[in-house]
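Engineer: Next comes entry_37.txt, compact mmCIF, C-alpha atoms and all ligand atoms:
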```txt
# COMPACT_ATOMS: atom_id res chain seq x y z
CA MET A 1 -16.29 0.76 -9.21
CA ASN A 2 -14.11 1.52 -6.19
CA TRP A 3 -11.37 -1.01 -6.68
CA LEU A 4 -8.58 1.47 -6.19
CA PRO A 5 -7.93 3.95 -3.37
CA THR A 6 -9.18 7.54 -3.78
CA SER A 7 -7.29 9.32 -6.46
CA ALA A 8 -5.86 12.51 -5.00
CA SER A 9 -2.73 13.53 -6.89
CA THR A 10 -1.81 14.35 -10.47
CA PHE A 11 -0.06 10.97 -10.72
CA ALA A 12 -3.04 8.95 -9.63
CA PRO A 13 -4.98 8.97 -12.95
CA GLU A 14 -1.78 8.14 -14.87
CA VAL A 15 -0.78 5.26 -12.63
CA ASP A 16 -4.34 3.95 -12.68
CA PHE A 17 -4.47 4.18 -16.46
CA VAL A 18 -1.33 2.06 -16.87
CA LEU A 19 -2.59 -0.39 -14.28
CA TRP A 20 -5.89 -0.80 -16.12
CA LEU A 21 -4.12 -1.02 -19.48
CA VAL A 22 -1.91 -3.88 -18.31
CA THR A 23 -4.80 -5.56 -16.50
CA ILE A 24 -7.12 -5.41 -19.50
CA ILE A 25 -4.45 -6.65 -21.93
CA SER A 26 -3.69 -9.54 -19.56
CA VAL A 27 -7.33 -10.49 -19.01
CA VAL A 28 -8.21 -10.32 -22.69
CA SER A 29 -5.17 -12.41 -23.70
CA CYS A 30 -5.87 -14.90 -20.94
CA ILE A 31 -9.47 -15.39 -22.05
CA LEU A 32 -8.53 -15.55 -25.75
CA ILE A 33 -5.73 -18.08 -25.22
CA GLY A 34 -7.83 -20.19 -22.83
CA PHE A 35 -10.73 -20.23 -25.25
CA LEU A 36 -8.54 -21.19 -28.25
CA LEU A 37 -6.83 -23.89 -26.22
CA ILE A 38 -10.10 -25.61 -25.35
CA TYR A 39 -11.50 -25.06 -28.85
CA PHE A 40 -8.47 -26.67 -30.55
CA VAL A 41 -8.40 -29.59 -28.13
CA ILE A 42 -11.95 -30.41 -29.12
CA LYS A 43 -11.59 -29.58 -32.80
CA TYR A 44 -8.41 -31.61 -33.39
CA LYS A 45 -9.19 -34.54 -31.14
CA LYS A 46 -8.25 -37.86 -32.75
CA LYS A 47 -11.56 -39.24 -33.88
CA SER A 48 -10.66 -42.72 -35.13
CA ASP A 49 -7.54 -44.90 -35.40
CA ASN A 50 -6.80 -44.01 -39.00
CA ASP A 51 -7.26 -40.28 -38.31
CA GLN A 52 -3.90 -38.82 -39.43
CA THR A 53 -2.45 -35.53 -38.17
CA PRO A 54 -1.57 -33.45 -41.25
CA ALA A 55 2.16 -32.73 -41.51
CA ILE A 56 2.09 -28.93 -41.12
CA THR A 57 5.55 -27.48 -40.47
CA HIS A 58 4.74 -23.77 -40.09
CA ASP A 59 2.46 -20.91 -41.01
CA SER A 60 4.29 -17.67 -41.78
CA PHE A 61 1.20 -15.48 -41.49
CA LEU A 62 0.16 -16.75 -38.06
CA GLU A 63 3.72 -16.74 -36.76
CA THR A 64 4.21 -13.12 -37.81
CA LEU A 65 0.89 -12.19 -36.25
CA TRP A 66 1.61 -13.70 -32.85
CA THR A 67 5.05 -12.13 -32.76
CA VAL A 68 4.11 -8.66 -33.95
CA ILE A 69 0.98 -8.11 -31.84
CA PRO A 70 2.56 -8.92 -28.45
CA THR A 71 5.67 -6.90 -29.42
CA ILE A 72 3.51 -3.86 -30.18
CA LEU A 73 1.63 -4.29 -26.90
CA CYS A 74 4.92 -4.51 -24.97
CA ILE A 75 6.23 -1.38 -26.67
CA VAL A 76 3.03 0.50 -25.83
CA ILE A 77 3.29 -0.56 -22.18
CA PHE A 78 6.97 0.39 -22.12
CA ILE A 79 6.34 3.85 -23.57
CA TYR A 80 3.58 4.64 -21.09
CA GLY A 81 5.73 3.28 -18.26
CA TYR A 82 8.76 5.29 -19.35
CA VAL A 83 6.97 8.58 -19.90
CA TYR A 84 5.10 8.37 -16.60
CA TYR A 85 8.17 7.21 -14.66
CA ASP A 86 10.08 10.15 -16.05
CA ARG A 87 7.34 12.53 -14.92
CA TYR A 88 7.21 10.81 -11.55
CA THR A 89 10.92 11.34 -10.91
CA THR A 90 11.40 14.80 -12.41
CA VAL A 91 11.09 17.49 -9.75
CA PRO A 92 9.23 20.61 -10.85
CA GLN A 93 11.29 23.81 -10.53
CA ASN A 94 9.14 25.52 -7.94
CA ALA A 95 8.55 22.50 -5.71
CA TYR A 96 7.92 23.12 -2.05
CA GLU A 97 10.36 21.06 0.02
CA ILE A 98 9.55 19.22 3.22
CA ASN A 99 12.03 17.02 5.06
CA VAL A 100 10.83 13.64 6.25
CA THR A 101 12.60 11.63 8.91
CA ALA A 102 11.71 8.03 9.60
CA LYS A 103 12.59 6.36 12.85
CA LYS A 104 11.23 3.24 14.49
CA TRP A 105 8.21 3.81 14.46
CA ILE A 106 7.40 7.42 13.82
CA TRP A 107 7.48 9.90 10.96
CA THR A 108 8.56 13.47 11.58
CA PHE A 109 8.19 16.33 9.12
CA ASP A 110 10.27 19.53 8.96
CA TYR A 111 8.92 22.49 7.04
CA PRO A 112 10.95 25.27 5.38
CA ASN A 113 10.05 27.83 8.06
CA GLY A 114 11.23 25.67 10.94
CA LYS A 115 7.90 24.17 11.85
CA LYS A 116 7.94 20.51 12.81
CA THR A 117 5.16 17.96 12.99
CA LEU A 118 4.91 14.38 14.10
CA GLY A 119 2.82 11.74 12.40
CA GLU A 120 0.92 14.39 10.44
CA LEU A 121 2.10 15.95 7.23
CA TYR A 122 0.48 19.19 6.10
CA VAL A 123 0.69 20.20 2.45
CA PRO A 124 -0.98 22.82 0.26
CA ALA A 125 -3.27 21.54 -2.51
CA ASN A 126 -2.35 21.92 -6.18
CA LYS A 127 1.28 22.81 -5.51
CA PRO A 128 4.20 20.58 -6.41
CA ILE A 129 5.69 19.13 -3.22
CA ARG A 130 9.07 17.47 -2.87
CA LEU A 131 9.77 15.24 0.10
CA VAL A 132 13.41 14.81 1.06
CA MET A 133 13.47 11.67 3.14
CA THR A 134 15.95 9.87 5.32
CA SER A 135 15.94 7.29 8.07
CA GLU A 136 17.66 7.43 11.45
CA ASP A 137 17.74 3.68 11.77
CA VAL A 138 16.56 0.82 9.57
CA LEU A 139 14.90 0.78 6.15
CA HIS A 140 11.41 2.24 6.00
CA SER A 141 9.18 3.09 3.07
CA PHE A 142 6.85 6.04 2.63
CA PHE A 143 3.61 5.12 0.89
CA VAL A 144 0.57 7.33 0.24
CA PRO A 145 -1.91 5.13 -1.65
CA ALA A 146 -4.18 8.07 -2.56
CA PHE A 147 -1.25 9.82 -4.26
CA ARG A 148 0.13 6.59 -5.81
CA VAL A 149 3.61 7.40 -4.54
CA LYS A 150 5.89 5.05 -2.65
CA GLN A 151 9.61 5.26 -1.94
CA ASP A 152 12.07 3.50 0.34
CA VAL A 153 13.52 5.62 3.11
CA ILE A 154 17.11 4.75 3.84
CA GLY A 155 19.68 5.61 6.52
CA ASN A 156 22.74 7.67 5.54
CA ARG A 157 21.31 8.88 2.27
CA TYR A 158 18.37 10.82 0.92
CA THR A 159 15.53 9.56 -1.23
CA PHE A 160 12.80 11.67 -2.77
CA ILE A 161 9.14 11.74 -3.58
CA ASN A 162 7.40 14.46 -5.50
CA PHE A 163 3.70 14.88 -5.99
CA THR A 164 0.98 17.45 -6.45
CA ALA A 165 -2.10 16.79 -4.35
CA THR A 166 -5.31 17.54 -6.20
CA LYS A 167 -7.88 16.83 -3.51
CA GLU A 168 -8.26 18.45 -0.12
CA GLY A 169 -8.69 16.17 2.83
CA GLU A 170 -6.94 13.61 4.93
CA PHE A 171 -5.01 10.68 3.44
CA LYS A 172 -3.24 7.74 4.99
CA VAL A 173 0.49 7.11 5.03
CA TYR A 174 1.85 3.62 5.56
CA CYS A 175 5.33 2.31 6.17
CA THR A 176 5.71 -0.45 3.60
CA GLU A 177 9.10 -1.83 4.51
CA TYR A 178 9.08 -4.24 7.44
CA CYS A 179 10.98 -2.35 10.16
CA GLY A 180 10.48 -4.25 13.39
CA SER A 181 7.84 -5.26 15.88
CA SER A 182 5.70 -2.12 15.58
CA HIS A 183 5.99 -1.79 11.82
CA SER A 184 2.24 -2.13 11.31
CA ASN A 185 1.67 0.82 13.64
CA MET A 186 4.02 3.09 11.74
CA LEU A 187 1.23 5.17 10.30
CA ALA A 188 0.80 8.84 9.54
CA LYS A 189 -1.65 11.16 7.80
CA VAL A 190 -1.30 13.73 5.06
CA HIS A 191 -3.56 16.74 5.42
CA VAL A 192 -4.10 18.54 2.15
CA LEU A 193 -5.24 22.10 2.80
CA PRO A 194 -6.28 24.89 0.43
CA GLU A 195 -3.19 27.02 -0.14
CA LEU A 196 -4.37 30.00 1.91
CA GLU A 197 -5.28 27.82 4.83
CA TYR A 198 -1.94 26.09 4.54
CA LEU A 199 -0.07 29.39 4.72
CA LYS A 200 -2.07 30.28 7.81
CA TRP A 201 -1.29 26.92 9.35
CA GLU A 202 2.38 27.33 8.54
CA SER A 203 2.57 30.73 10.18
CA GLY A 204 0.80 29.30 13.19
CA GLU A 205 -2.43 31.28 12.91
CA SER A 206 -4.85 28.58 12.00
CA ALA A 207 -6.76 27.08 14.86
CA LYS A 208 -8.62 24.71 12.60
CA THR A 209 -5.84 22.18 12.34
CA SER A 210 -4.98 22.18 16.03
CA LYS A 211 -6.78 19.44 17.90
CA ILE A 212 -6.43 21.34 21.15
CA ALA A 213 -8.60 24.16 19.90
CA SER A 214 -11.58 21.89 19.43
CA ASP A 215 -14.09 21.57 22.22
CA MET A 216 -13.34 17.91 22.92
CA PRO A 217 -12.54 16.96 26.52
CA LEU A 218 -8.80 16.79 27.18
CA ASP A 219 -8.64 13.03 27.70
CA GLN A 220 -10.40 12.49 24.36
CA ILE A 221 -7.85 14.71 22.64
CA GLY A 222 -5.15 12.70 24.41
CA LYS A 223 -6.64 9.50 23.09
CA GLN A 224 -6.51 10.92 19.57
CA LEU A 225 -2.90 12.06 20.04
CA TYR A 226 -1.97 8.61 21.35
CA SER A 227 -2.53 7.20 17.87
CA ASP A 228 -1.82 10.32 15.77
CA LYS A 229 1.55 10.95 17.39
CA GLY A 230 2.64 7.36 17.23
CA CYS A 231 2.73 6.49 20.96
CA VAL A 232 0.57 3.51 19.97
CA ALA A 233 3.60 1.95 18.27
CA CYS A 234 5.32 1.27 21.59
CA HIS A 235 2.75 1.67 24.39
CA SER A 236 -0.32 -0.52 24.82
CA ILE A 237 -3.33 0.60 26.82
CA ASP A 238 -4.51 -2.88 27.81
CA GLY A 239 -1.55 -3.96 29.94
CA ALA A 240 0.12 -5.95 27.15
CA ALA A 241 3.90 -5.66 27.12
CA GLY A 242 5.32 -3.79 24.14
CA VAL A 243 8.50 -1.99 23.23
CA GLY A 244 7.61 0.41 26.04
CA PRO A 245 5.61 -0.11 29.26
CA SER A 246 1.83 -0.32 28.94
CA TRP A 247 -0.07 2.79 30.01
CA LYS A 248 -2.72 0.75 31.79
CA GLY A 249 -2.59 1.52 35.51
CA LEU A 250 0.48 3.73 34.96
CA TYR A 251 -0.84 6.85 36.70
CA ASN A 252 0.47 7.04 40.27
CA ALA A 253 2.03 3.58 40.02
CA LYS A 254 5.48 3.05 41.52
CA ARG A 255 8.14 3.07 38.81
CA ILE A 256 11.49 1.39 39.33
CA PHE A 257 14.38 2.70 37.27
CA THR A 258 17.50 1.05 35.91
CA ASP A 259 19.69 3.01 38.34
CA GLY A 260 17.84 1.42 41.27
CA THR A 261 15.86 4.53 42.25
CA SER A 262 12.08 4.72 42.10
CA ALA A 263 9.30 7.29 41.90
CA ALA A 264 5.53 7.56 41.62
CA ALA A 265 4.18 8.23 38.13
CA ASP A 266 2.49 11.55 38.84
CA GLU A 267 1.80 14.31 36.31
CA ASN A 268 5.30 15.77 36.51
CA TYR A 269 6.92 12.39 36.09
CA LEU A 270 4.78 11.68 33.03
CA LYS A 271 5.62 15.03 31.48
CA GLU A 272 9.32 14.53 32.15
CA SER A 273 9.14 11.05 30.61
CA ILE A 274 7.67 12.49 27.42
CA LEU A 275 10.16 15.36 27.11
CA TYR A 276 13.29 13.63 28.41
CA PRO A 277 12.76 9.85 28.08
CA GLY A 278 16.45 9.14 28.72
CA GLU A 279 16.53 10.75 32.16
CA LYS A 280 14.81 7.98 34.07
CA MET A 281 14.83 4.61 32.38
CA VAL A 282 12.10 2.25 33.47
CA GLU A 283 13.64 -1.05 34.48
CA GLY A 284 13.40 -3.71 31.82
CA TYR A 285 13.21 -1.33 28.85
CA GLY A 286 15.73 0.03 26.38
CA PRO A 287 16.51 3.67 25.51
CA VAL A 288 14.41 3.72 22.36
CA MET A 289 11.77 6.34 23.08
CA PRO A 290 12.47 9.55 21.15
CA SER A 291 12.26 12.87 22.96
CA TYR A 292 9.08 14.75 22.11
CA LYS A 293 10.59 18.12 23.02
CA GLY A 294 9.56 20.56 20.31
CA LEU A 295 7.20 18.01 18.77
CA LEU A 296 4.36 18.23 21.27
CA ASP A 297 3.28 21.50 22.82
CA ASP A 298 2.32 21.81 26.49
CA ALA A 299 -1.39 21.55 25.79
CA GLU A 300 -0.88 18.31 23.88
CA ILE A 301 1.26 16.86 26.68
CA THR A 302 -1.42 17.76 29.20
CA ALA A 303 -4.03 16.04 27.03
CA LEU A 304 -1.88 12.90 26.82
CA ILE A 305 -1.41 12.87 30.59
CA GLU A 306 -5.17 13.25 31.10
CA TYR A 307 -5.68 10.29 28.80
CA ILE A 308 -3.11 8.17 30.68
CA LYS A 309 -4.97 9.00 33.91
CA THR A 310 -8.16 7.45 32.53
CA LEU A 311 -6.43 4.10 31.84
CA LYS A 312 -6.96 2.45 35.19
C1 LIG B 401 9.88 3.89 19.88
C2 LIG B 401 9.04 3.47 20.95
C3 LIG B 401 8.32 4.53 21.76
C4 LIG B 401 7.48 5.53 21.31
C5 LIG B 401 7.11 5.85 19.87
C6 LIG B 401 6.98 6.18 22.48
N1 LIG B 401 7.52 5.64 23.60
FE1 LIG B 401 7.19 6.20 25.51
N2 LIG B 401 8.53 4.82 26.19
C7 LIG B 401 9.18 3.90 25.40
C8 LIG B 401 10.06 3.09 26.25
C9 LIG B 401 10.97 1.96 25.76
C10 LIG B 401 9.87 3.55 27.56
C11 LIG B 401 10.55 3.02 28.83
C12 LIG B 401 11.98 3.47 28.92
C13 LIG B 401 12.05 4.92 29.31
O1 LIG B 401 11.66 5.26 30.42
O2 LIG B 401 12.50 5.72 28.48
C14 LIG B 401 8.89 4.63 27.49
C15 LIG B 401 8.41 5.34 28.58
C16 LIG B 401 7.38 6.25 28.55
C17 LIG B 401 6.77 6.84 29.72
C18 LIG B 401 7.10 6.47 31.14
C19 LIG B 401 6.33 5.18 31.34
C20 LIG B 401 6.54 4.44 32.59
O3 LIG B 401 6.10 3.29 32.61
O4 LIG B 401 7.11 4.97 33.55
C21 LIG B 401 5.80 7.70 29.27
C22 LIG B 401 4.85 8.54 30.10
C23 LIG B 401 5.83 7.67 27.83
N3 LIG B 401 6.79 6.77 27.42
C24 LIG B 401 5.02 8.42 27.02
C25 LIG B 401 5.04 8.37 25.63
C26 LIG B 401 4.21 9.22 24.78
C27 LIG B 401 3.21 10.26 25.27
C28 LIG B 401 4.50 8.88 23.50
C29 LIG B 401 3.89 9.45 22.21
C30 LIG B 401 3.86 10.90 22.08
C31 LIG B 401 5.51 7.84 23.54
N4 LIG B 401 5.81 7.55 24.86
C32 LIG B 401 6.08 7.23 22.43
C33 LIG B 401 9.08 3.78 24.03
C34 LIG B 401 8.34 4.62 23.20
CU CU B 402 8.94 1.66 9.11
```
Mind converting the file's structure to structure tokens?
Structural biologist:
Amino acid sequence: MNWLPTSASTFAPEVDFVLWLVTIISVVSCILIGFLLIYFVIKYKKKSDNDQTPAITHDSFLETLWTVIPTILCIVIFIYGYVYYDRYTTVPQNAYEINVTAKKWIWTFDYPNGKKTLGELYVPANKPIRLVMTSEDVLHSFFVPAFRVKQDVIGNRYTFINFTATKEGEFKVYCTEYCGSSHSNMLAKVHVLPELEYLKWESGESAKTSKIASDMPLDQIGKQLYSDKGCVACHSIDGAAGVGPSWKGLYNAKRIFTDGTSAAADENYLKESILYPGEKMVEGYGPVMPSYKGLLDDAEITALIEYIKTLK
């Protein structure tokens, strides 16, 4: 039965076990108590007017039983919870550290060798990973259902997650702390790669993980980047107003800036807007777009511009 998300970390089977344990204990007790309740109501129903309730004051055996059994069950649940929580929060010695920065409404990841990614976290399989997380603005929360890990991400201090991914593939990341109007778009992906492939990716050799290397047309790649890189959080493509201007009909449109100047949104303007959003502020909008300098390479920016051009 697929009631739970894919299980893709060493924690997943443990968390699932405790979840099932608590669920089964609860369901069994609920059925047992419900059944006894109905049974006793029927059995001890007053049958006639001179039907007398016997004057029972207590029953030591039953009272001991219904105190001891639930106590044992609670202790069992506590022990499992404690042991697993301890494992969950103890960082293995050789953990591989990645820095995570949350910001309305994007996730950025910094790797030990200086590499940086946006909206996509790459990790090697079967290696303990430690995420060192912080927020540049409000509270966020980093949640990977497939790994069964979730932790608040807070400004001005660091919080941590550690996990060992056991399955290769692509898993979803959600922000699970309401953080403003585009909270529900604050998504990312974790890519779990075999260790060798990860090392190649980290040293920049691997073409497999780069979307640009695929033989998709540029505007299709741009469309993919639009959601993968988090532009979707602030820019609509259907003309609807958002935190940022809609991209619909943007290409070659006349833009009016807060300083009273204006310009046509040609390729160079679009590129400049992505790299230096603060330079020319579109009238009616706030300075909230992050700079994508160093986060998107030239090929990715070109793909995004090609995509914007298709949104007439
Ligand atoms: C946090 C919200 C936010 C995110 C995320 C964001 N933008 Fe923006 N963007 C804005 C705002 C607000 C403006 C208008 C103010 C300005 O010019 O900086 C803007 C302006 C722009 C413009 C100029 C638009 C115009 O109407 O002239 C372009 C192009 C652009 N963004 C591209 C992108 C791309 C590409 C991404 C994703 C890689 C992205 N933005 C992500 C908020 C955002
Ligand atoms: Cu958030």
Engineer: Counting all atoms listed in the file, what residues are within 10 Å of ligand CU 402 (chain B), given as a list in words?
Structural biologist: Ala102, Lys103, Lys104, Trp105, Ile106, Trp107, Ser135, Asp137, Val138, Leu139, His140, Ser141, Phe142, Asp152, Val153, Tyr174, Cys175, Thr176, Glu177, Tyr178, Cys179, Gly180, Ser181, Ser182, His183, Ser184, Asn185, Met186 and Leu187 of chain A
Engineer: Please, which residues in chain A fall within 7 Å of ligand LIG 401 (chain B) when counting only C-alpha atoms and all ligand atoms, and what is the closest atom pair and distance in Å to one decimal for each, ordered by chain then residue number, as a tab-separated table?
Structural biologist:
```
residue	atom	partner	partner_atom	distance
A:Lys104	CA	B:LIG401	C1	5.6
A:Trp105	CA	B:LIG401	C1	5.7
A:Ile106	CA	B:LIG401	C5	6.3
A:Tyr226	CA	B:LIG401	C29	6.0
A:Lys229	CA	B:LIG401	C30	5.2
A:Gly230	CA	B:LIG401	C5	5.4
A:Cys231	CA	B:LIG401	C29	3.4
A:Val232	CA	B:LIG401	C5	6.9
A:Ala233	CA	B:LIG401	C5	5.5
A:Cys234	CA	B:LIG401	C2	4.4
A:His235	CA	B:LIG401	N1	6.3
A:Val243	CA	B:LIG401	C9	5.3
A:Gly244	CA	B:LIG401	C8	3.6
A:Pro245	CA	B:LIG401	O3	4.8
A:Ser246	CA	B:LIG401	O3	6.7
A:Trp247	CA	B:LIG401	O3	6.7
A:Leu250	CA	B:LIG401	O3	6.1
A:Arg255	CA	B:LIG401	O4	5.7
A:Ala265	CA	B:LIG401	O4	6.3
A:Leu270	CA	B:LIG401	C22	4.3
A:Lys271	CA	B:LIG401	C22	6.7
A:Ser273	CA	B:LIG401	C17	4.9
A:Ile274	CA	B:LIG401	C24	4.9
A:Pro277	CA	B:LIG401	O2	4.2
A:Gly278	CA	B:LIG401	O2	5.2
A:Lys280	CA	B:LIG401	O1	5.5
A:Met281	CA	B:LIG401	O1	3.8
A:Val282	CA	B:LIG401	O1	4.3
A:Tyr285	CA	B:LIG401	C12	5.0
A:Gly286	CA	B:LIG401	C9	5.2
A:Pro287	CA	B:LIG401	O2	5.4
A:Val288	CA	B:LIG401	C9	5.1
A:Met289	CA	B:LIG401	C33	3.8
A:Pro290	CA	B:LIG401	C1	6.4
A:Tyr292	CA	B:LIG401	C30	6.5
A:Leu304	CA	B:LIG401	C27	5.9
```
Engineer: Could you tell me how far atom CA of Lys312 of chain A sits from atom CA of Gln224 of chain A, in Å to one decimal place?
Structural biologist: 17.8 Å
Engineer: Have a look at A:Ala55, A:Ile256, A:Ile221, A:Val123 and name the one nearest to Val192 of chain A; count only C-alpha atoms.
Structural biologist: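 For Val192 of chain A, the nearest of the candidates is A:Val123.
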Engineer: Of the candidates A:Thr10, A:Ser291, A:Thr258, A:Thr302, which one gets nearest to Gly222 of chain A if we count all atoms listed in the file?
Structural biologist: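 The shortest atom-to-atom distance to Gly222 of chain A comes from A:Thr302.
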Engineer: Per residue of segment 54-118 of chain A within 12 Å of segment 128-133 of chain A, note the shortest atom pair and the distance in Å to one decimal, counting only C-alpha atoms, and order the rows by chain and increasing residue number, as a Markdown table.
Structural biologist:
```
| residue | atom | partner | partner_atom | distance |
| --- | --- | --- | --- | --- |
| A:Tyr88 | CA | A:Arg130 | CA | 11.1 |
| A:Thr89 | CA | A:Arg130 | CA | 10.3 |
| A:Thr90 | CA | A:Arg130 | CA | 10.2 |
| A:Val91 | CA | A:Arg130 | CA | 7.2 |
| A:Pro92 | CA | A:Pro128 | CA | 6.7 |
| A:Gln93 | CA | A:Pro128 | CA | 8.8 |
| A:Asn94 | CA | A:Pro128 | CA | 7.2 |
| A:Ala95 | CA | A:Pro128 | CA | 4.8 |
| A:Tyr96 | CA | A:Ile129 | CA | 4.7 |
| A:Glu97 | CA | A:Arg130 | CA | 4.8 |
| A:Ile98 | CA | A:Leu131 | CA | 5.1 |
| A:Asn99 | CA | A:Val132 | CA | 4.8 |
| A:Val100 | CA | A:Met133 | CA | 4.5 |
| A:Thr101 | CA | A:Met133 | CA | 5.8 |
| A:Ala102 | CA | A:Met133 | CA | 7.6 |
| A:Lys103 | CA | A:Met133 | CA | 11.1 |
| A:Trp107 | CA | A:Met133 | CA | 10.0 |
| A:Thr108 | CA | A:Met133 | CA | 9.9 |
| A:Phe109 | CA | A:Leu131 | CA | 9.2 |
| A:Asp110 | CA | A:Val132 | CA | 9.7 |
| A:Tyr111 | CA | A:Leu131 | CA | 10.1 |
| A:Pro112 | CA | A:Leu131 | CA | 11.4 |
```
Engineer: For Phe163 of chain A, which residue out of A:Ala188, A:Ile308, A:Leu62, A:Val144 is the nearest one, using only C-alpha atoms?
Structural biologist: A:Val144
Engineer: Report, in Å to a single decimal, how far apart atom CA of Leu118 of chain A and atom CA of Glu283 of chain A are.
Structural biologist: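 Atom-to-atom, atom CA of Glu283 of chain A and atom CA of Leu118 of chain A are spaced 27.0 Å apart.
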Engineer: Please indicate the distance in Å from atom CA of Val173 of chain A to atom CA of Leu4 of chain A, rounded to one decimal place.
Structural biologist: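 Those two atoms sit 15.5 Å apart.
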Engineer: Which residue out of A:Thr117, A:Lys248, A:Tyr80, A:Leu36 has the minimum interatomic distance to Trp20 of chain A when only C-alpha atoms are used?
Structural biologist: A:Tyr80
Engineer: Edge lengths and centre, in Å to one decimal, as JSON: that's what I need for the box along x, y and z that holds all listed atoms of segment 100-117 of chain A plus 5 Å on each side.
Structural biologist:
```
{"center_x": 8.9, "center_y": 15.5, "center_z": 9.9, "size_x": 17.4, "size_y": 34.6, "size_z": 19.1}
```
Engineer: I need the residue nearest Pro13 of chain A from this list: A:Ala165, A:Ile77, A:Val28, A:Ala125. Use all atoms listed in the file for the distance.
Structural biologist: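 The closest residue to Pro13 of chain A is A:Ala165.
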Engineer: Would you mind listing what lies within 7 Å of Ala12 of chain A as a PDB file with C-alpha atoms, keeping the file's coordinate frame, with all atoms listed in the file counted and same-chain residues fewer than 4 positions away left out?
Structural biologist:
```
ATOM      1  CA  SER A   7      -7.290   9.320  -6.460  1.00  0.00           C
ATOM      2  CA  ALA A   8      -5.860  12.510  -5.000  1.00  0.00           C
ATOM      3  CA  ASP A  16      -4.340   3.950 -12.680  1.00  0.00           C
ATOM      4  CA  PHE A 147      -1.250   9.820  -4.260  1.00  0.00           C
ATOM      5  CA  ARG A 148       0.130   6.590  -5.810  1.00  0.00           C
TER       6      ARG A 148
END
```
Engineer: Determine, counting all atoms listed in the file, which protein, DNA and RNA residues have an atom within 8 Å of an atom of Glu170 of chain A; residues of the same chain fewer than 6 positions away are not included. Present the result as a VMD selection string.
Structural biologist: chain A and resid 189 to 192
Engineer: With distances taken over only C-alpha atoms, which residue among A:Asn156, A:Thr310, A:Ser9, A:Ser203 lies nearest Asn126 of chain A?
Structural biologist: A:Ser9
Engineer: With only C-alpha atoms as the counted atoms, please give the residues lying no more than 9 Å from Glu202 of chain A, apart from itself and same-chain residues fewer than 6 positions off, as a PDB file with C-alpha atoms, in the frame of the given file.
Structural biologist:
```pdb
ATOM      1  CA  TYR A 111       8.920  22.490   7.040  1.00  0.00           C
ATOM      2  CA  ASN A 113      10.050  27.830   8.060  1.00  0.00           C
ATOM      3  CA  LYS A 115       7.900  24.170  11.850  1.00  0.00           C
ATOM      4  CA  TYR A 122       0.480  19.190   6.100  1.00  0.00           C
TER       5      TYR A 122
END
```
